[in-house]
>>> print(open('data_7.tsv').read())   # TSV, C-alpha atoms
chain	number	residue	atom	x	y	z
A	106	LYS	CA	0.00	0.00	0.00
A	107	GLU	CA	2.82	2.41	0.82
A	108	VAL	CA	4.41	1.79	-2.58
A	109	CYS	CA	1.11	2.39	-4.36
A	110	ALA	CA	0.45	5.54	-2.35
A	111	TYR	CA	3.94	6.84	-3.16
A	112	GLY	CA	3.43	6.07	-6.84
A	113	LEU	CA	0.08	7.86	-6.90
A	114	ARG	CA	1.60	10.89	-5.17
A	115	GLN	CA	4.39	11.01	-7.75
A	116	ILE	CA	1.92	10.75	-10.63
A	117	PHE	CA	-0.27	13.49	-9.15
A	118	SER	CA	2.79	15.67	-8.52
A	119	THR	CA	4.01	15.24	-12.10
A	120	ILE	CA	0.58	16.07	-13.55
A	121	PHE	CA	0.20	19.08	-11.24
A	122	ASN	CA	3.68	20.43	-12.11
A	123	ALA	CA	3.07	19.94	-15.83
A	124	GLY	CA	-0.29	21.68	-15.53
A	125	THR	CA	1.31	24.61	-13.73
A	126	MET	CA	3.95	24.91	-16.44
A	127	LEU	CA	1.32	24.89	-19.20
A	128	LEU	CA	-0.85	27.40	-17.32
A	129	ILE	CA	2.03	29.86	-16.88
A	130	GLY	CA	2.96	29.53	-20.55
A	131	PHE	CA	-0.66	30.00	-21.62
A	132	LEU	CA	-1.21	33.07	-19.42
A	133	MET	CA	1.97	34.69	-20.76
A	134	GLN	CA	1.09	33.69	-24.33
A	135	MET	CA	4.37	31.77	-24.50
A	136	LEU	CA	3.18	28.16	-24.41
A	137	ILE	CA	5.82	26.84	-26.82
A	138	GLU	CA	8.58	28.66	-24.95
A	139	ALA	CA	7.37	27.25	-21.62
A	140	ILE	CA	7.40	23.70	-22.98
A	141	LEU	CA	10.81	24.22	-24.59
A	142	PHE	CA	12.29	25.59	-21.35
A	143	THR	CA	11.03	22.57	-19.40
A	144	VAL	CA	12.24	20.08	-22.02
A	145	ILE	CA	15.70	21.66	-22.03
A	146	TYR	CA	16.01	22.25	-18.29
A	147	ILE	CA	14.86	18.92	-16.82
A	148	PRO	CA	17.24	16.45	-18.60
A	149	VAL	CA	20.34	18.36	-17.49
A	150	ARG	CA	18.90	18.96	-14.01
A	151	VAL	CA	18.39	15.22	-13.51
A	152	TYR	CA	22.12	14.53	-13.92
A	153	ALA	CA	23.62	17.86	-12.81
A	154	GLY	CA	21.69	18.08	-9.55
A	155	GLY	CA	21.75	21.36	-7.64
A	156	TYR	CA	19.56	23.10	-5.10
A	157	HIS	CA	16.52	21.18	-3.85
A	158	ALA	CA	13.81	22.68	-1.66
A	159	SER	CA	13.09	20.99	1.65
A	160	THR	CA	9.43	20.25	0.84
A	161	PRO	CA	7.48	19.38	-2.35
A	162	GLN	CA	5.42	22.55	-1.91
A	163	ARG	CA	8.51	24.74	-1.88
A	164	CYS	CA	9.90	22.83	-4.84
A	165	TRP	CA	6.72	23.51	-6.80
A	166	ALA	CA	6.77	27.20	-5.83
A	167	PHE	CA	10.45	27.65	-6.78
A	168	SER	CA	9.90	25.88	-10.10
A	169	ALA	CA	6.87	27.99	-10.97
A	170	ILE	CA	8.61	31.26	-10.05
A	171	MET	CA	11.74	30.26	-11.96
A	172	LEU	CA	9.72	29.48	-15.11
A	173	TRP	CA	7.88	32.81	-14.81
A	174	ILE	CA	11.17	34.69	-14.44
A	175	ALA	CA	12.66	32.87	-17.43
A	176	LEU	CA	9.68	33.68	-19.65
A	177	CYS	CA	9.71	37.33	-18.49
A	178	ILE	CA	13.37	37.62	-19.49
A	179	VAL	CA	12.73	36.00	-22.88
A	180	LYS	CA	9.67	38.17	-23.54
A	181	TYR	CA	10.96	41.55	-22.40
A	182	THR	CA	14.69	41.47	-23.12
A	183	PRO	CA	15.55	43.79	-26.07
A	184	GLN	CA	17.23	42.18	-29.06
A	185	MET	CA	20.35	44.28	-28.47
A	186	TYR	CA	21.04	42.26	-25.30
A	187	PHE	CA	20.95	38.89	-27.07
A	188	TRP	CA	24.74	38.53	-27.14
A	189	VAL	CA	25.02	39.56	-23.50
A	190	ILE	CA	22.75	36.68	-22.50
A	191	THR	CA	24.62	34.40	-24.90
A	192	THR	CA	27.88	35.23	-23.10
A	193	LEU	CA	26.25	34.58	-19.71
A	194	SER	CA	24.88	31.27	-20.95
A	195	LEU	CA	28.34	30.15	-22.07
A	196	ILE	CA	29.63	30.95	-18.58
A	197	ALA	CA	26.68	28.98	-17.19
A	198	CYS	CA	27.64	25.98	-19.33
A	199	ILE	CA	31.18	26.15	-17.95
A	200	VAL	CA	29.70	26.14	-14.43
A	201	VAL	CA	27.74	23.00	-15.31
A	202	PHE	CA	30.83	21.34	-16.77
A	203	LEU	CA	32.87	22.09	-13.63
A	204	LEU	CA	30.35	21.55	-10.82
A	205	SER	CA	27.99	18.80	-11.96
A	206	PRO	CA	26.79	16.76	-10.29
A	207	VAL	CA	25.93	18.70	-7.13
A	208	GLU	CA	24.44	16.09	-4.83
A	209	ASP	CA	21.72	16.60	-2.23
A	210	ARG	CA	21.77	15.29	1.33
A	211	ASN	CA	18.82	13.04	0.48
A	212	LYS	CA	20.58	11.59	-2.56
A	213	ARG	CA	24.25	10.91	-1.99
A	214	LEU	CA	26.37	9.59	-4.86
A	215	ASP	CA	29.31	7.23	-4.67
A	216	GLU	CA	32.42	7.81	-6.77
A	217	LYS	CA	31.21	5.75	-9.73
A	218	GLU	CA	27.78	7.41	-9.79
A	219	HIS	CA	29.40	10.82	-9.52
A	220	HIS	CA	31.52	10.10	-12.61
A	221	VAL	CA	28.56	8.69	-14.59
A	222	TYR	CA	26.28	11.63	-13.75
A	223	HIS	CA	29.04	14.09	-14.63
A	224	ILE	CA	29.55	12.54	-18.08
A	225	ARG	CA	25.81	12.35	-18.76
A	226	ALA	CA	25.27	16.00	-17.77
A	227	ILE	CA	28.03	17.09	-20.15
A	228	VAL	CA	26.66	14.95	-22.98
A	229	VAL	CA	23.11	16.28	-22.57
A	230	ILE	CA	24.12	19.95	-22.42
A	231	THR	CA	26.48	19.47	-25.39
A	232	ILE	CA	23.58	18.10	-27.44
A	233	GLU	CA	21.48	21.06	-26.36
A	234	MET	CA	24.24	23.46	-27.44
A	235	ILE	CA	24.25	21.84	-30.88
A	236	VAL	CA	20.46	22.27	-31.03
A	237	ALA	CA	20.87	25.93	-30.07
A	238	MET	CA	23.37	26.48	-32.89
A	239	LEU	CA	20.96	24.89	-35.39
A	240	LEU	CA	18.11	27.09	-34.16
A	241	PHE	CA	20.32	30.16	-34.46
A	242	ALA	CA	21.27	29.19	-38.02
A	243	LEU	CA	17.55	28.94	-38.82
A	244	HIS	CA	16.98	32.41	-37.26
A	245	PHE	CA	14.85	31.14	-34.35
A	246	THR	CA	16.60	33.51	-31.97
A	247	GLN	CA	13.79	33.57	-29.41
A	248	PHE	CA	14.01	29.80	-28.99
A	249	VAL	CA	17.78	30.11	-28.65
A	250	LEU	CA	17.18	32.64	-25.89
A	251	VAL	CA	14.95	30.12	-24.10
A	252	LEU	CA	17.75	27.54	-24.13
A	253	GLU	CA	20.26	30.08	-22.86
A	254	ILE	CA	18.02	31.17	-19.99
A	255	ALA	CA	17.49	27.52	-19.08
A	256	TRP	CA	21.27	27.02	-18.82
A	257	CYS	CA	21.65	30.17	-16.71
A	258	SER	CA	18.85	28.96	-14.40
A	259	LEU	CA	20.57	25.60	-14.09
A	260	ALA	CA	23.90	27.23	-13.21
A	261	VAL	CA	22.17	29.28	-10.48
A	262	MET	CA	20.64	26.09	-9.05
A	263	LEU	CA	24.05	24.38	-9.02
A	264	LEU	CA	25.69	27.32	-7.23
A	265	LEU	CA	22.86	27.49	-4.70
A	266	GLY	CA	23.09	23.74	-4.15
A	267	LYS	CA	26.83	23.97	-3.65
A	268	GLY	CA	26.35	26.77	-1.13
A	269	LYS	CA	23.63	24.83	0.67
A	270	ASN	CA	25.92	21.80	1.00
A	271	VAL	CA	28.71	23.97	2.44
A	272	PHE	CA	26.36	25.41	5.08
A	273	GLU	CA	24.97	22.00	6.02
A	274	ASN	CA	28.40	20.41	6.31
A	275	LYS	CA	29.44	22.90	8.98
A	276	LYS	CA	28.32	21.14	12.19
A	277	GLY	CA	24.94	20.26	10.79
A	278	GLY	CA	24.37	23.70	9.37
A	279	ASN	CA	23.83	27.04	11.04
A	280	PRO	CA	20.08	27.84	11.24
A	281	MET	CA	20.74	31.55	10.74
A	282	LEU	CA	22.84	30.89	7.65
A	283	LYS	CA	20.06	28.71	6.26
A	284	LYS	CA	17.54	31.51	6.76
A	285	VAL	CA	19.88	34.04	5.13
A	286	SER	CA	20.47	31.74	2.14
A	287	LEU	CA	16.71	31.21	1.75
A	288	LEU	CA	16.19	34.99	1.87
A	289	LEU	CA	18.85	35.47	-0.82
A	290	VAL	CA	17.15	32.88	-3.03
A	291	LEU	CA	13.79	34.64	-2.68
A	292	LEU	CA	15.42	38.02	-3.32
A	293	LEU	CA	17.07	36.67	-6.47
A	294	LEU	CA	13.80	35.19	-7.70
A	295	PHE	CA	11.79	38.38	-7.23
A	296	THR	CA	14.35	40.98	-8.37
A	297	GLN	CA	15.31	39.35	-11.68
A	298	PRO	CA	11.95	39.92	-13.43
A	299	ALA	CA	11.81	43.51	-12.16
A	300	LEU	CA	15.29	44.09	-13.56
A	301	ALA	CA	14.31	42.55	-16.87
A	302	LEU	CA	11.21	44.76	-17.10
A	303	THR	CA	13.21	47.89	-16.20
A	304	VAL	CA	15.84	47.15	-18.83
A	305	SER	CA	13.11	46.47	-21.37
A	306	GLU	CA	11.22	49.70	-20.69
A	307	GLU	CA	14.35	51.82	-20.80
A	308	ASN	CA	15.72	50.40	-24.00
A	309	THR	CA	12.80	49.50	-26.24
A	310	TYR	CA	13.00	52.69	-28.21
A	311	PRO	CA	12.76	52.60	-32.04
A	312	LEU	CA	15.95	52.16	-34.00
A	313	ALA	CA	16.43	53.35	-37.56
A	314	ASP	CA	16.67	50.35	-39.80
A	315	GLU	CA	16.92	51.93	-43.26
A	316	THR	CA	15.91	54.99	-45.24
A	317	VAL	CA	13.84	54.50	-48.38
A	318	GLU	CA	12.63	56.88	-51.09
A	319	LEU	CA	8.89	56.88	-51.78
A	320	THR	CA	6.68	58.62	-54.31
A	321	VAL	CA	3.56	60.01	-52.64
A	322	TRP	CA	0.52	62.02	-53.68
A	323	ALA	CA	0.96	65.35	-51.90
A	324	LYS	CA	-0.50	68.85	-51.81
A	325	LYS	CA	1.80	71.88	-51.97
A	326	ASP	CA	0.71	75.48	-52.55
A	327	ASP	CA	-2.80	74.32	-53.45
A	328	VAL	CA	-1.33	72.09	-56.16
A	329	ARG	CA	-1.62	68.31	-55.92
A	330	ASP	CA	1.05	66.26	-57.62
A	331	TYR	CA	3.31	63.26	-57.14
A	332	GLU	CA	6.34	64.04	-55.00
A	333	ASN	CA	9.43	62.10	-53.97
A	334	CYS	CA	10.27	62.00	-50.27
A	335	LEU	CA	12.61	60.12	-47.95
A	336	MET	CA	11.13	58.01	-45.15
A	337	THR	CA	12.89	56.09	-42.40
A	338	LYS	CA	11.69	52.64	-41.42
A	339	TYR	CA	12.00	51.89	-37.73
A	340	VAL	CA	12.29	48.64	-35.82
A	341	GLU	CA	11.92	47.95	-32.10
>>> encode(input="data_7.tsv", output="C-alpha cells")
Amino acid sequence: KEVCAYGLRQIFSTIFNAGTMLLIGFLMQMLIEAILFTVIYIPVRVYAGGYHASTPQRCWAFSAIMLWIALCIVKYTPQMYFWVITTLSLIACIVVFLLSPVEDRNKRLDEKEHHVYHIRAIVVITIEMIVAMLLFALHFTQFVLVLEIAWCSLAVMLLLGKGKNVFENKKGGNPMLKKVSLLLVLLLLFTQPALALTVSEENTYPLADETVELTVWAKKDDVRDYENCLMTKYVE
C-alpha cells in the first residue's frame, strides 16, 4: 500500500507540475517557450543536480517562479542584449561542466555514480548546445534565448546547491545561515523579473533600420502632384 500511495503521489505531482507549467505559458502567451524551457532544463537537471527545496510545496513554488522569471526575461529582453545573454549562458555551461553533479543530502552519490552523472550531464548539455546552434542558423533567436536562460537557471541552481551543502556540512548547518540563504534565493527570484522589465522599458526605443525613397501624392501650394520624399523605417 505504501508503494502504491507513493506512486500515486508522484503521478499526481508530475501532472500538477506539468499543468502549472502549461498554465504559466498560456497566461503569458508563451506556451511553446514554456514547454521548450522545461524540455531543455529537466534532462540536465536530472544529472547535474543542484539546489533542492526541503518540501514538495517549496519545490513547486520555486519551479513555478523560476519558469515565470525565465519567460519574463525571454519576452521583455531587447534584441540588443541577445549577445550579453549568450555570453552569460556560455559561462553557465562552464559552471555546469565544472560543478555537476551537485548532490543533495537526500541523494548521496558514490564515486562511480558521480563520474557517470558528470559525463551524462556534459553529454546532454552538449547536445542542447548543438540544437541551439541549429536554431540560431535557422533564425529562431527567441528559442535560442529560451535555451540560454534555461542554462543560466541551471547554473544558479548548481551554485545554490553547492552553497547549501557547504552550510549544512558545517556542524549540521547554522540555522541563521540557512535563513539568510533562503532569503537570498527569494530576493534573487523576485528581483530578476523587475530588472528585466526595467531594462526592457528603458531600452525598447525605435531604431532606424533603413531609409527608403517613396513617391507620394501630396499637396503643396494648393497644387496636388506626385512628389518624392525620404522616409525612415523603424524597428523595435
>>> residues_around(input="data_7.tsv", residues="A:Gln162", least_positions_apart="5", cutoff="12 Å", atoms="only C-alpha atoms", output="PyMOL selection string")
chain A and resi 118+121-122+157+167-169
>>> atom_distance(input="data_7.tsv", atom1="atom CA of A:Glu218", atom2="atom CA of A:Val261")
22.6 Å
>>> closest_residue(input="data_7.tsv", among="A:Ser194, A:Thr125, A:Thr182, A:Gln134", to="A:Ala166", atoms="all atoms listed in the file")
A:Thr125
>>> closest_residue(input="data_7.tsv", among="A:Glu208, A:Leu252, A:Trp165, A:Glu233", to="A:Thr191", atoms="all atoms listed in the file")
A:Leu252
>>> atom_distance(input="data_7.tsv", atom1="atom CA of A:Ala237", atom2="atom CA of A:Glu253")
8.3 Å
>>> closest_residue(input="data_7.tsv", among="A:Lys180, A:Lys217, A:His223, A:His244", to="A:Leu203", atoms="all atoms listed in the file")
A:His223
>>> closest_residue(input="data_7.tsv", among="A:Lys269, A:Arg163, A:Arg213, A:Arg150", to="A:Ala226", atoms="all atoms listed in the file")
A:Arg150
>>> atom_distance(input="data_7.tsv", atom1="atom CA of A:Leu172", atom2="atom CA of A:Ala242")
25.7 Å
>>> closest_residue(input="data_7.tsv", among="A:Tyr146, A:Pro206, A:Met185, A:Ile174", to="A:Leu264", atoms="only C-alpha atoms")
A:Pro206
>>> residues_around(input="data_7.tsv", residues="stretch 142-144 of chain A", least_positions_apart="4", cutoff="9 Å", atoms="all atoms listed in the file", output="PyMOL selection string")
chain A and resi 126+137-138+148+172+175-176+248+251-252+254-255
>>> closest_residue(input="data_7.tsv", among="A:Thr231, A:Lys267, A:Trp173, A:Val236", to="A:Leu132", atoms="all atoms listed in the file")
A:Trp173
